[in-house]
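What's in run.cif: mmCIF, N, CA and C atoms
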data_target
#
loop_
_atom_site.label_atom_id
_atom_site.label_comp_id
_atom_site.auth_asym_id
_atom_site.auth_seq_id
_atom_site.Cartn_x
_atom_site.Cartn_y
_atom_site.Cartn_z
N MET A 23 47.94 72.38 79.86
CA MET A 23 47.49 71.24 80.60
C MET A 23 47.94 71.30 82.05
N ASN A 24 47.62 72.29 82.75
CA ASN A 24 47.86 72.45 84.18
C ASN A 24 49.32 72.25 84.58
N GLY A 25 50.24 72.77 83.83
CA GLY A 25 51.66 72.74 84.21
C GLY A 25 52.35 71.43 83.90
N GLU A 26 51.70 70.47 83.28
CA GLU A 26 52.35 69.22 82.95
C GLU A 26 52.91 69.31 81.53
N MET A 27 54.07 68.69 81.33
CA MET A 27 54.70 68.73 80.01
C MET A 27 54.26 67.49 79.23
N THR A 28 53.87 67.68 78.01
CA THR A 28 53.48 66.55 77.17
C THR A 28 54.66 66.14 76.32
N PHE A 29 54.53 64.99 75.68
CA PHE A 29 55.62 64.50 74.85
C PHE A 29 55.92 65.42 73.69
N ARG A 30 54.94 66.13 73.20
CA ARG A 30 55.16 67.03 72.08
C ARG A 30 56.00 68.24 72.47
N GLU A 31 55.99 68.62 73.78
CA GLU A 31 56.74 69.78 74.25
C GLU A 31 58.18 69.44 74.62
N MET A 32 58.54 68.19 74.65
CA MET A 32 59.91 67.77 74.98
C MET A 32 60.84 68.15 73.84
N PRO A 33 62.12 68.47 74.15
CA PRO A 33 63.06 68.78 73.08
C PRO A 33 63.27 67.57 72.19
N PRO A 34 63.57 67.80 70.92
CA PRO A 34 63.79 66.66 70.02
C PRO A 34 64.98 65.83 70.48
N THR A 35 64.95 64.55 70.12
CA THR A 35 66.06 63.67 70.52
C THR A 35 67.37 64.19 69.95
N GLY A 36 68.45 64.01 70.75
CA GLY A 36 69.75 64.52 70.35
C GLY A 36 69.97 65.95 70.79
N ARG A 37 68.91 66.63 71.22
CA ARG A 37 69.02 68.01 71.67
C ARG A 37 68.44 68.11 73.08
N ARG A 38 68.83 67.20 73.94
CA ARG A 38 68.32 67.19 75.30
C ARG A 38 68.92 68.36 76.07
N PHE A 39 68.19 68.83 77.03
CA PHE A 39 68.66 69.92 77.88
C PHE A 39 69.78 69.41 78.78
N ASP A 40 70.96 70.04 78.68
CA ASP A 40 72.12 69.65 79.49
C ASP A 40 72.50 70.86 80.33
N PRO A 41 72.16 70.86 81.64
CA PRO A 41 72.43 72.04 82.46
C PRO A 41 73.93 72.35 82.60
N VAL A 42 74.76 71.34 82.64
CA VAL A 42 76.20 71.58 82.76
C VAL A 42 76.72 72.27 81.50
N ARG A 43 76.27 71.80 80.35
CA ARG A 43 76.70 72.42 79.09
C ARG A 43 76.22 73.87 79.00
N GLN A 44 74.99 74.11 79.46
CA GLN A 44 74.45 75.47 79.45
C GLN A 44 75.25 76.39 80.38
N MET A 45 75.64 75.89 81.55
CA MET A 45 76.44 76.70 82.48
C MET A 45 77.82 76.99 81.89
N GLN A 46 78.41 76.00 81.22
CA GLN A 46 79.71 76.22 80.59
C GLN A 46 79.61 77.26 79.48
N ARG A 47 78.53 77.20 78.71
CA ARG A 47 78.32 78.18 77.65
C ARG A 47 78.15 79.58 78.24
N ALA A 48 77.37 79.69 79.34
CA ALA A 48 77.18 80.99 79.99
C ALA A 48 78.50 81.51 80.55
N GLN A 49 79.31 80.63 81.14
CA GLN A 49 80.62 81.03 81.68
C GLN A 49 81.52 81.53 80.55
N THR A 50 81.52 80.85 79.41
CA THR A 50 82.33 81.28 78.27
C THR A 50 81.89 82.66 77.78
N ASP A 51 80.57 82.86 77.70
CA ASP A 51 80.06 84.16 77.26
C ASP A 51 80.45 85.27 78.24
N LEU A 52 80.34 85.00 79.54
CA LEU A 52 80.72 86.01 80.54
C LEU A 52 82.22 86.30 80.48
N ASN A 53 83.04 85.27 80.32
CA ASN A 53 84.49 85.48 80.21
C ASN A 53 84.83 86.34 79.00
N ARG A 54 84.14 86.11 77.90
CA ARG A 54 84.39 86.90 76.69
C ARG A 54 83.97 88.35 76.92
N LEU A 55 82.84 88.54 77.61
CA LEU A 55 82.32 89.87 77.84
C LEU A 55 83.16 90.66 78.85
N PHE A 56 83.53 90.01 79.98
CA PHE A 56 84.22 90.71 81.06
C PHE A 56 85.66 90.27 81.23
N GLY A 57 86.25 89.63 80.24
CA GLY A 57 87.59 89.06 80.36
C GLY A 57 88.67 90.05 80.76
N GLY A 58 88.61 91.30 80.32
CA GLY A 58 89.65 92.26 80.62
C GLY A 58 89.45 93.02 81.91
N LEU A 59 88.32 92.82 82.56
CA LEU A 59 88.03 93.57 83.78
C LEU A 59 88.49 92.81 85.01
N ARG A 60 88.86 93.54 86.05
CA ARG A 60 89.27 92.93 87.30
C ARG A 60 88.17 93.16 88.33
N PHE A 61 87.71 92.10 88.94
CA PHE A 61 86.65 92.20 89.92
C PHE A 61 87.16 92.05 91.35
N TYR A 62 88.44 92.05 91.53
CA TYR A 62 89.02 91.97 92.87
C TYR A 62 89.80 93.25 93.11
N PRO A 63 89.85 93.70 94.35
CA PRO A 63 90.58 94.95 94.61
C PRO A 63 92.07 94.77 94.38
N ALA A 64 92.68 95.74 93.75
CA ALA A 64 94.12 95.69 93.53
C ALA A 64 94.84 95.83 94.87
N THR A 65 95.89 95.07 95.04
CA THR A 65 96.65 95.17 96.27
C THR A 65 97.43 96.47 96.27
N GLU A 66 97.75 96.93 97.46
CA GLU A 66 98.55 98.15 97.55
C GLU A 66 99.94 97.86 97.03
N PHE A 67 100.55 98.85 96.45
CA PHE A 67 101.91 98.73 95.95
C PHE A 67 102.75 99.84 96.53
N PRO A 68 103.93 99.55 96.97
CA PRO A 68 104.58 98.25 96.99
C PRO A 68 104.12 97.40 98.18
N LEU A 69 104.20 96.08 97.98
CA LEU A 69 103.96 95.17 99.09
C LEU A 69 105.11 95.33 100.07
N LEU A 70 104.82 95.22 101.36
CA LEU A 70 105.90 95.42 102.32
C LEU A 70 105.73 94.57 103.57
N ASN A 71 106.84 94.38 104.25
CA ASN A 71 106.89 93.77 105.58
C ASN A 71 107.39 94.84 106.53
N PHE A 72 106.96 94.73 107.79
CA PHE A 72 107.24 95.79 108.76
C PHE A 72 107.49 95.15 110.12
N TRP A 73 108.66 95.41 110.71
CA TRP A 73 109.02 94.87 112.02
C TRP A 73 109.39 96.01 112.94
N THR A 74 109.08 95.87 114.23
CA THR A 74 109.50 96.87 115.22
C THR A 74 110.18 96.17 116.38
N ALA A 75 111.04 96.92 117.04
CA ALA A 75 111.70 96.50 118.27
C ALA A 75 111.85 97.75 119.13
N SER A 76 112.40 97.59 120.31
CA SER A 76 112.52 98.75 121.21
C SER A 76 113.47 99.81 120.67
N ASP A 77 114.44 99.41 119.81
CA ASP A 77 115.42 100.39 119.30
C ASP A 77 115.06 100.96 117.93
N GLY A 78 113.99 100.45 117.27
CA GLY A 78 113.62 101.01 115.97
C GLY A 78 112.74 100.08 115.17
N ALA A 79 112.70 100.30 113.87
CA ALA A 79 111.85 99.51 112.98
C ALA A 79 112.60 99.20 111.69
N ILE A 80 112.12 98.17 111.01
CA ILE A 80 112.63 97.81 109.69
C ILE A 80 111.42 97.67 108.78
N VAL A 81 111.51 98.29 107.61
CA VAL A 81 110.47 98.17 106.59
C VAL A 81 111.14 97.65 105.33
N ALA A 82 110.62 96.55 104.79
CA ALA A 82 111.15 95.98 103.54
C ALA A 82 110.03 96.05 102.51
N ALA A 83 110.27 96.76 101.41
CA ALA A 83 109.26 96.96 100.37
C ALA A 83 109.72 96.36 99.06
N GLU A 84 108.83 95.61 98.40
CA GLU A 84 109.12 95.04 97.09
C GLU A 84 108.86 96.08 96.02
N VAL A 85 109.88 96.41 95.25
CA VAL A 85 109.74 97.38 94.16
C VAL A 85 110.38 96.84 92.89
N PRO A 86 109.87 95.72 92.37
CA PRO A 86 110.47 95.15 91.15
C PRO A 86 110.28 96.08 89.96
N GLY A 87 111.29 96.16 89.15
CA GLY A 87 111.20 96.99 87.94
C GLY A 87 111.43 98.47 88.19
N VAL A 88 111.80 98.84 89.41
CA VAL A 88 112.05 100.25 89.73
C VAL A 88 113.53 100.41 90.05
N ALA A 89 114.16 101.38 89.42
CA ALA A 89 115.58 101.65 89.69
C ALA A 89 115.71 102.31 91.07
N PRO A 90 116.67 101.89 91.88
CA PRO A 90 116.79 102.44 93.23
C PRO A 90 117.00 103.95 93.27
N GLU A 91 117.68 104.50 92.27
CA GLU A 91 117.94 105.94 92.28
C GLU A 91 116.69 106.77 91.98
N THR A 92 115.62 106.12 91.49
CA THR A 92 114.39 106.86 91.23
C THR A 92 113.40 106.82 92.40
N LEU A 93 113.72 106.06 93.44
CA LEU A 93 112.84 106.00 94.61
C LEU A 93 112.97 107.27 95.44
N ASP A 94 111.85 107.71 95.99
CA ASP A 94 111.82 108.87 96.87
C ASP A 94 111.32 108.38 98.23
N ILE A 95 112.19 108.39 99.22
CA ILE A 95 111.84 107.92 100.56
C ILE A 95 111.86 109.12 101.50
N THR A 96 110.73 109.36 102.14
CA THR A 96 110.58 110.53 103.01
C THR A 96 110.20 110.07 104.41
N ILE A 97 110.88 110.65 105.41
CA ILE A 97 110.55 110.38 106.81
C ILE A 97 110.07 111.67 107.43
N ARG A 98 108.91 111.57 108.09
CA ARG A 98 108.37 112.74 108.78
C ARG A 98 107.84 112.27 110.12
N ARG A 99 108.53 112.62 111.17
CA ARG A 99 108.18 112.27 112.55
C ARG A 99 108.01 110.76 112.74
N ASP A 100 106.79 110.26 112.66
CA ASP A 100 106.55 108.84 112.90
C ASP A 100 106.03 108.13 111.65
N ALA A 101 106.26 108.69 110.47
CA ALA A 101 105.77 108.09 109.24
C ALA A 101 106.87 108.06 108.19
N VAL A 102 106.87 107.00 107.40
CA VAL A 102 107.82 106.88 106.29
C VAL A 102 107.00 106.62 105.02
N THR A 103 107.37 107.32 103.93
CA THR A 103 106.67 107.19 102.65
C THR A 103 107.66 106.75 101.58
N VAL A 104 107.27 105.75 100.81
CA VAL A 104 108.06 105.28 99.67
C VAL A 104 107.29 105.64 98.42
N ARG A 105 107.93 106.44 97.54
CA ARG A 105 107.31 106.88 96.29
C ARG A 105 108.20 106.48 95.11
N GLY A 106 107.55 106.29 93.98
CA GLY A 106 108.30 105.97 92.77
C GLY A 106 107.38 105.88 91.58
N ASN A 107 107.92 105.35 90.50
CA ASN A 107 107.16 105.21 89.26
C ASN A 107 107.63 103.96 88.55
N ARG A 108 106.68 103.08 88.24
CA ARG A 108 107.03 101.89 87.44
C ARG A 108 106.64 102.20 86.00
N LEU A 109 107.62 102.14 85.12
CA LEU A 109 107.39 102.43 83.71
C LEU A 109 106.81 101.19 83.02
N PRO A 110 105.93 101.41 82.05
CA PRO A 110 105.38 100.26 81.33
C PRO A 110 106.42 99.66 80.40
N GLU A 111 106.26 98.36 80.13
CA GLU A 111 107.15 97.73 79.16
C GLU A 111 106.81 98.24 77.77
N THR A 112 107.82 98.44 76.96
CA THR A 112 107.57 98.90 75.59
C THR A 112 107.36 97.68 74.69
N VAL A 113 106.37 97.79 73.81
CA VAL A 113 106.10 96.73 72.84
C VAL A 113 106.05 97.35 71.45
N ASP A 114 106.34 96.54 70.45
CA ASP A 114 106.28 97.01 69.07
C ASP A 114 104.84 97.31 68.68
N ASP A 115 104.67 98.13 67.65
CA ASP A 115 103.33 98.51 67.21
C ASP A 115 102.47 97.32 66.79
N GLY A 116 103.06 96.31 66.19
CA GLY A 116 102.30 95.16 65.71
C GLY A 116 102.03 94.10 66.77
N THR A 117 102.54 94.32 67.98
CA THR A 117 102.40 93.33 69.04
C THR A 117 101.03 93.43 69.69
N VAL A 118 100.43 92.27 69.94
CA VAL A 118 99.14 92.21 70.62
C VAL A 118 99.40 91.74 72.05
N VAL A 119 98.99 92.53 73.02
CA VAL A 119 99.18 92.15 74.43
C VAL A 119 98.09 91.15 74.78
N GLN A 120 98.48 89.96 75.18
CA GLN A 120 97.52 88.92 75.53
C GLN A 120 97.07 89.01 76.98
N ARG A 121 97.96 89.45 77.86
CA ARG A 121 97.63 89.58 79.28
C ARG A 121 98.55 90.64 79.88
N GLN A 122 97.99 91.50 80.70
CA GLN A 122 98.78 92.52 81.37
C GLN A 122 98.29 92.62 82.82
N GLU A 123 98.99 91.94 83.72
CA GLU A 123 98.60 91.91 85.12
C GLU A 123 99.47 92.82 85.98
N ARG A 124 100.69 93.08 85.55
CA ARG A 124 101.59 93.94 86.31
C ARG A 124 101.20 95.39 86.06
N THR A 125 100.99 96.11 87.14
CA THR A 125 100.59 97.51 87.00
C THR A 125 101.82 98.38 86.74
N HIS A 126 101.56 99.56 86.19
CA HIS A 126 102.63 100.53 85.99
C HIS A 126 102.08 101.91 86.34
N GLY A 127 103.01 102.85 86.51
CA GLY A 127 102.60 104.20 86.85
C GLY A 127 103.14 104.61 88.21
N PRO A 128 102.80 105.82 88.64
CA PRO A 128 103.31 106.31 89.92
C PRO A 128 102.67 105.56 91.09
N PHE A 129 103.43 105.43 92.18
CA PHE A 129 102.92 104.78 93.38
C PHE A 129 103.46 105.50 94.61
N ALA A 130 102.78 105.32 95.71
CA ALA A 130 103.22 105.85 97.01
C ALA A 130 102.60 105.00 98.09
N ARG A 131 103.38 104.68 99.10
CA ARG A 131 102.88 103.91 100.24
C ARG A 131 103.47 104.50 101.51
N THR A 132 102.61 104.79 102.48
CA THR A 132 103.05 105.39 103.74
C THR A 132 102.78 104.41 104.88
N VAL A 133 103.76 104.29 105.76
CA VAL A 133 103.62 103.46 106.96
C VAL A 133 103.76 104.38 108.16
N VAL A 134 102.78 104.31 109.06
CA VAL A 134 102.85 105.08 110.30
C VAL A 134 103.42 104.16 111.38
N LEU A 135 104.50 104.62 112.00
CA LEU A 135 105.18 103.83 113.03
C LEU A 135 104.59 104.13 114.41
N PRO A 136 104.76 103.22 115.35
CA PRO A 136 104.24 103.47 116.69
C PRO A 136 105.16 104.35 117.54
N PHE A 137 106.17 104.95 116.92
CA PHE A 137 107.11 105.83 117.63
C PHE A 137 107.77 106.77 116.64
N LEU A 138 108.47 107.77 117.15
CA LEU A 138 109.20 108.71 116.29
C LEU A 138 110.43 108.03 115.70
N VAL A 139 110.94 108.59 114.60
CA VAL A 139 112.12 108.06 113.93
C VAL A 139 113.22 109.10 113.95
N ASP A 140 114.44 108.66 114.19
CA ASP A 140 115.61 109.53 114.09
C ASP A 140 116.03 109.55 112.61
N ALA A 141 115.50 110.50 111.86
CA ALA A 141 115.69 110.55 110.41
C ALA A 141 117.16 110.69 110.02
N ASP A 142 117.97 111.33 110.86
CA ASP A 142 119.39 111.51 110.52
C ASP A 142 120.15 110.19 110.54
N LYS A 143 119.68 109.21 111.28
CA LYS A 143 120.37 107.92 111.38
C LYS A 143 119.68 106.83 110.56
N ALA A 144 118.60 107.14 109.87
CA ALA A 144 117.90 106.15 109.05
C ALA A 144 118.72 105.81 107.82
N SER A 145 118.53 104.59 107.31
CA SER A 145 119.26 104.17 106.12
C SER A 145 118.36 103.31 105.24
N ALA A 146 118.75 103.21 103.96
CA ALA A 146 118.02 102.40 102.99
C ALA A 146 119.01 101.58 102.19
N LYS A 147 118.67 100.31 101.98
CA LYS A 147 119.52 99.40 101.21
C LYS A 147 118.64 98.74 100.14
N PHE A 148 119.15 98.67 98.91
CA PHE A 148 118.40 98.09 97.80
C PHE A 148 119.12 96.83 97.34
N GLU A 149 118.37 95.71 97.30
CA GLU A 149 118.97 94.47 96.84
C GLU A 149 117.90 93.59 96.23
N ARG A 150 118.11 93.13 94.99
CA ARG A 150 117.22 92.21 94.27
C ARG A 150 115.76 92.68 94.25
N GLY A 151 115.54 93.95 94.03
CA GLY A 151 114.18 94.48 93.90
C GLY A 151 113.47 94.77 95.21
N ILE A 152 114.22 94.70 96.33
CA ILE A 152 113.63 94.99 97.64
C ILE A 152 114.43 96.10 98.30
N VAL A 153 113.74 97.15 98.73
CA VAL A 153 114.38 98.22 99.46
C VAL A 153 114.09 98.00 100.94
N THR A 154 115.16 97.95 101.74
CA THR A 154 115.03 97.72 103.18
C THR A 154 115.41 98.99 103.92
N LEU A 155 114.48 99.51 104.68
CA LEU A 155 114.69 100.74 105.45
C LEU A 155 114.95 100.38 106.90
N THR A 156 116.02 100.92 107.45
CA THR A 156 116.31 100.78 108.87
C THR A 156 115.99 102.11 109.52
N LEU A 157 115.04 102.11 110.44
CA LEU A 157 114.50 103.34 111.01
C LEU A 157 114.70 103.34 112.53
N PRO A 158 115.84 103.91 113.00
CA PRO A 158 116.11 103.88 114.44
C PRO A 158 115.26 104.89 115.22
N ARG A 159 115.02 104.57 116.44
CA ARG A 159 114.31 105.46 117.36
C ARG A 159 115.31 106.44 117.96
N PRO A 160 114.90 107.68 118.22
CA PRO A 160 115.81 108.61 118.90
C PRO A 160 116.11 108.09 120.32
N GLU A 161 117.30 108.38 120.79
CA GLU A 161 117.71 107.90 122.12
C GLU A 161 116.74 108.36 123.21
N ASP A 162 116.32 109.61 123.14
CA ASP A 162 115.45 110.12 124.20
C ASP A 162 114.02 109.57 124.11
N ASP A 163 113.69 108.88 123.01
CA ASP A 163 112.37 108.30 122.86
C ASP A 163 112.35 106.81 123.17
N LYS A 164 113.54 106.18 123.29
CA LYS A 164 113.61 104.75 123.58
C LYS A 164 113.16 104.50 125.02
N PRO A 165 112.52 103.36 125.24
CA PRO A 165 112.12 103.05 126.62
C PRO A 165 113.36 102.78 127.47
N HIS A 166 113.35 103.31 128.68
CA HIS A 166 114.45 103.10 129.63
C HIS A 166 113.91 102.39 130.85
N GLN A 167 114.66 101.43 131.31
CA GLN A 167 114.24 100.68 132.49
C GLN A 167 114.96 101.26 133.71
N ILE A 168 114.22 101.44 134.78
CA ILE A 168 114.82 101.96 136.01
C ILE A 168 114.64 100.91 137.11
N LYS A 169 115.55 100.95 138.06
CA LYS A 169 115.49 100.01 139.18
C LYS A 169 114.73 100.65 140.34
N VAL A 170 114.01 99.83 141.01
CA VAL A 170 113.28 100.27 142.18
C VAL A 170 114.13 99.93 143.40
N THR A 171 114.34 100.92 144.26
CA THR A 171 115.13 100.67 145.48
C THR A 171 114.24 100.83 146.72
N ARG A 172 114.69 100.22 147.77
CA ARG A 172 113.96 100.34 149.03
C ARG A 172 114.27 101.68 149.66
N SER A 173 113.31 102.25 150.34
CA SER A 173 113.55 103.53 150.98
C SER A 173 114.04 103.38 152.40
#

Can you dump the structure from the file as structure tokens?
Amino acid sequence: MNGEMTFREMPPTGRRFDPVRQMQRAQTDLNRLFGGLRFYPATEFPLLNFWTASDGAIVAAEVPGVAPETLDITIRRDAVTVRGNRLPETVDDGTVVQRQERTHGPFARTVVLPFLVDADKASAKFERGIVTLTLPRPEDDKPHQIKVTRS
């Protein structure tokens, strides 16, 4: 009948079309289908903060669950790399994992500094799951201020 709906084509009473209910049902189905997949990019690990000054830089990296003696920190000219491995938690055979958001496995993160680093004077301190690197600049690379005199 030219695109018009007649009373006979309407859903029976008690079974009216509810768009909100249909969207909720579709959302539930999608969650069941794709519940274990991640659709957002994983952040780089370890997360870090990075500060510079004229005499050097400080890098603080979060490495929860990693023993400090297993970290490998390498300095090469103007770059520092933090490497390690986060081991997975062990669970019993009968245990069902309901959610696993914390990643595990090997990791590496490199920061390129805007200047060279004096690797012999660099240091690392580990406290409460954060490794803090102090990366001094070589003396001959530090900016020096000179005075201008009249001739």

Practice task
With a distance cut-off of 12 Å and only C-alpha atoms, select the neighbouring residues of A:Ile152, excluding the residue or stretch itself and same-chain residues fewer than 3 positions from it, and output the selection as an NGL selection string.
Solution key: :A and (68-71 or 81-90 or 93 or 104 or 146-149 or 155)

Keeping only N, CA and C atoms, write the selected residues as a PDB file, keeping the file's coordinate frame.
ATOM      1  N   PRO A  68     103.930  99.550  96.970  1.00  0.00           N
ATOM      2  CA  PRO A  68     104.580  98.250  96.990  1.00  0.00           C
ATOM      3  C   PRO A  68     104.120  97.400  98.180  1.00  0.00           C
ATOM      4  N   LEU A  69     104.200  96.080  97.980  1.00  0.00           N
ATOM      5  CA  LEU A  69     103.960  95.170  99.090  1.00  0.00           C
ATOM      6  C   LEU A  69     105.110  95.330 100.070  1.00  0.00           C
ATOM      7  N   LEU A  70     104.820  95.220 101.360  1.00  0.00           N
ATOM      8  CA  LEU A  70     105.900  95.420 102.320  1.00  0.00           C
ATOM      9  C   LEU A  70     105.730  94.570 103.570  1.00  0.00           C
ATOM     10  N   ASN A  71     106.840  94.380 104.250  1.00  0.00           N
ATOM     11  CA  ASN A  71     106.890  93.770 105.580  1.00  0.00           C
ATOM     12  C   ASN A  71     107.390  94.840 106.530  1.00  0.00           C
ATOM     13  N   VAL A  81     111.510  98.290 107.610  1.00  0.00           N
ATOM     14  CA  VAL A  81     110.470  98.170 106.590  1.00  0.00           C
ATOM     15  C   VAL A  81     111.140  97.650 105.330  1.00  0.00           C
ATOM     16  N   ALA A  82     110.620  96.550 104.790  1.00  0.00           N
ATOM     17  CA  ALA A  82     111.150  95.980 103.540  1.00  0.00           C
ATOM     18  C   ALA A  82     110.030  96.050 102.510  1.00  0.00           C
ATOM     19  N   ALA A  83     110.270  96.760 101.410  1.00  0.00           N
ATOM     20  CA  ALA A  83     109.260  96.960 100.370  1.00  0.00           C
ATOM     21  C   ALA A  83     109.720  96.360  99.060  1.00  0.00           C
ATOM     22  N   GLU A  84     108.830  95.610  98.400  1.00  0.00           N
ATOM     23  CA  GLU A  84     109.120  95.040  97.090  1.00  0.00           C
ATOM     24  C   GLU A  84     108.860  96.080  96.020  1.00  0.00           C
ATOM     25  N   VAL A  85     109.880  96.410  95.250  1.00  0.00           N
ATOM     26  CA  VAL A  85     109.740  97.380  94.160  1.00  0.00           C
ATOM     27  C   VAL A  85     110.380  96.840  92.890  1.00  0.00           C
ATOM     28  N   PRO A  86     109.870  95.720  92.370  1.00  0.00           N
ATOM     29  CA  PRO A  86     110.470  95.150  91.150  1.00  0.00           C
ATOM     30  C   PRO A  86     110.280  96.080  89.960  1.00  0.00           C
ATOM     31  N   GLY A  87     111.290  96.160  89.150  1.00  0.00           N
ATOM     32  CA  GLY A  87     111.200  96.990  87.940  1.00  0.00           C
ATOM     33  C   GLY A  87     111.430  98.470  88.190  1.00  0.00           C
ATOM     34  N   VAL A  88     111.800  98.840  89.410  1.00  0.00           N
ATOM     35  CA  VAL A  88     112.050 100.250  89.730  1.00  0.00           C
ATOM     36  C   VAL A  88     113.530 100.410  90.050  1.00  0.00           C
ATOM     37  N   ALA A  89     114.160 101.380  89.420  1.00  0.00           N
ATOM     38  CA  ALA A  89     115.580 101.650  89.690  1.00  0.00           C
ATOM     39  C   ALA A  89     115.710 102.310  91.070  1.00  0.00           C
ATOM     40  N   PRO A  90     116.670 101.890  91.880  1.00  0.00           N
ATOM     41  CA  PRO A  90     116.790 102.440  93.230  1.00  0.00           C
ATOM     42  C   PRO A  90     117.000 103.950  93.270  1.00  0.00           C
ATOM     43  N   LEU A  93     113.720 106.060  93.440  1.00  0.00           N
ATOM     44  CA  LEU A  93     112.840 106.000  94.610  1.00  0.00           C
ATOM     45  C   LEU A  93     112.970 107.270  95.440  1.00  0.00           C
ATOM     46  N   VAL A 104     107.270 105.750 100.810  1.00  0.00           N
ATOM     47  CA  VAL A 104     108.060 105.280  99.670  1.00  0.00           C
ATOM     48  C   VAL A 104     107.290 105.640  98.420  1.00  0.00           C
ATOM     49  N   ALA A 146     118.750 103.210 103.960  1.00  0.00           N
ATOM     50  CA  ALA A 146     118.020 102.400 102.990  1.00  0.00           C
ATOM     51  C   ALA A 146     119.010 101.580 102.190  1.00  0.00           C
ATOM     52  N   LYS A 147     118.670 100.310 101.980  1.00  0.00           N
ATOM     53  CA  LYS A 147     119.520  99.400 101.210  1.00  0.00           C
ATOM     54  C   LYS A 147     118.640  98.740 100.140  1.00  0.00           C
ATOM     55  N   PHE A 148     119.150  98.670  98.910  1.00  0.00           N
ATOM     56  CA  PHE A 148     118.400  98.090  97.800  1.00  0.00           C
ATOM     57  C   PHE A 148     119.120  96.830  97.340  1.00  0.00           C
ATOM     58  N   GLU A 149     118.370  95.710  97.300  1.00  0.00           N
ATOM     59  CA  GLU A 149     118.970  94.470  96.840  1.00  0.00           C
ATOM     60  C   GLU A 149     117.900  93.590  96.230  1.00  0.00           C
ATOM     61  N   LEU A 155     114.480  99.510 104.680  1.00  0.00           N
ATOM     62  CA  LEU A 155     114.690 100.740 105.450  1.00  0.00           C
ATOM     63  C   LEU A 155     114.950 100.380 106.900  1.00  0.00           C
TER      64      LEU A 155
END

Practice task
Would you mind writing down, as a PyMOL selection string, each residue of chain A that DSSP on the backbone assigns to strand (DSSP E)?
Solution key: chain A and resi 70-75+78-84+94-98+101-108+127-134+145-149+152-158

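One distance worth recording is that between atom CA of A:Pro128 and atom CA of A:Val113, which is 19.8 Å.
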
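Reported to one decimal place, the separation of atom CA of A:His126 from atom CA of A:Thr112 is 11.6 Å.
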
Handout entry: Which of chain A DSSP labels helix (DSSP H, G or I), written as a PyMOL selection string
Key = chain A and resi 29-31+41-56+90-92+141-143+161-163

Handout entry: Contacts of A:Leu138 within 7 Å, only C-alpha atoms, excl. fewer than 3 positions in-chain, as a ChimeraX atom specification
Key = /A:99-100,159

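Between atom CA of A:Pro136 and atom CA of A:Lys169 the interatomic distance comes to 25.4 Å.
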
Would you mind listing what lies within 8 Å of A:Lys164 as a compact mmCIF listing (two decimals) with N, CA and C atoms, in the frame of the given file, with all atoms listed in the file counted and same-chain residues fewer than 5 positions away left out?
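Result file selection_6.txt:
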# COMPACT_ATOMS: atom_id res chain seq x y z
N SER A 76 112.40 97.59 120.31
CA SER A 76 112.52 98.75 121.21
C SER A 76 113.47 99.81 120.67
N ASP A 77 114.44 99.41 119.81
CA ASP A 77 115.42 100.39 119.30
C ASP A 77 115.06 100.96 117.93
N GLY A 78 113.99 100.45 117.27
CA GLY A 78 113.62 101.01 115.97
C GLY A 78 112.74 100.08 115.17
N ARG A 159 115.02 104.57 116.44
CA ARG A 159 114.31 105.46 117.36
C ARG A 159 115.31 106.44 117.96

Handout entry: Within 7 Å of A:Val133 using all atoms listed in the file, minus same-chain residues under 2 positions, as a ChimeraX atom specification
Key = /A:100-104,131,135

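Nearest to A:Arg105 of all the residues A:Phe72, A:Phe129, A:Phe67, A:Phe137 is A:Phe129, counting only N, CA and C atoms.
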
Handout entry: Pick from A:Glu111, A:Phe39, A:Asp94, A:Thr74 nearest to A:Thr125, counting only N, CA and C atoms
Key = A:Glu111

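Using only C-alpha atoms, the nearest neighbour of A:Val153 within the list A:Ala130, A:Ile97, A:Ile80, A:Ala141 is A:Ile80.
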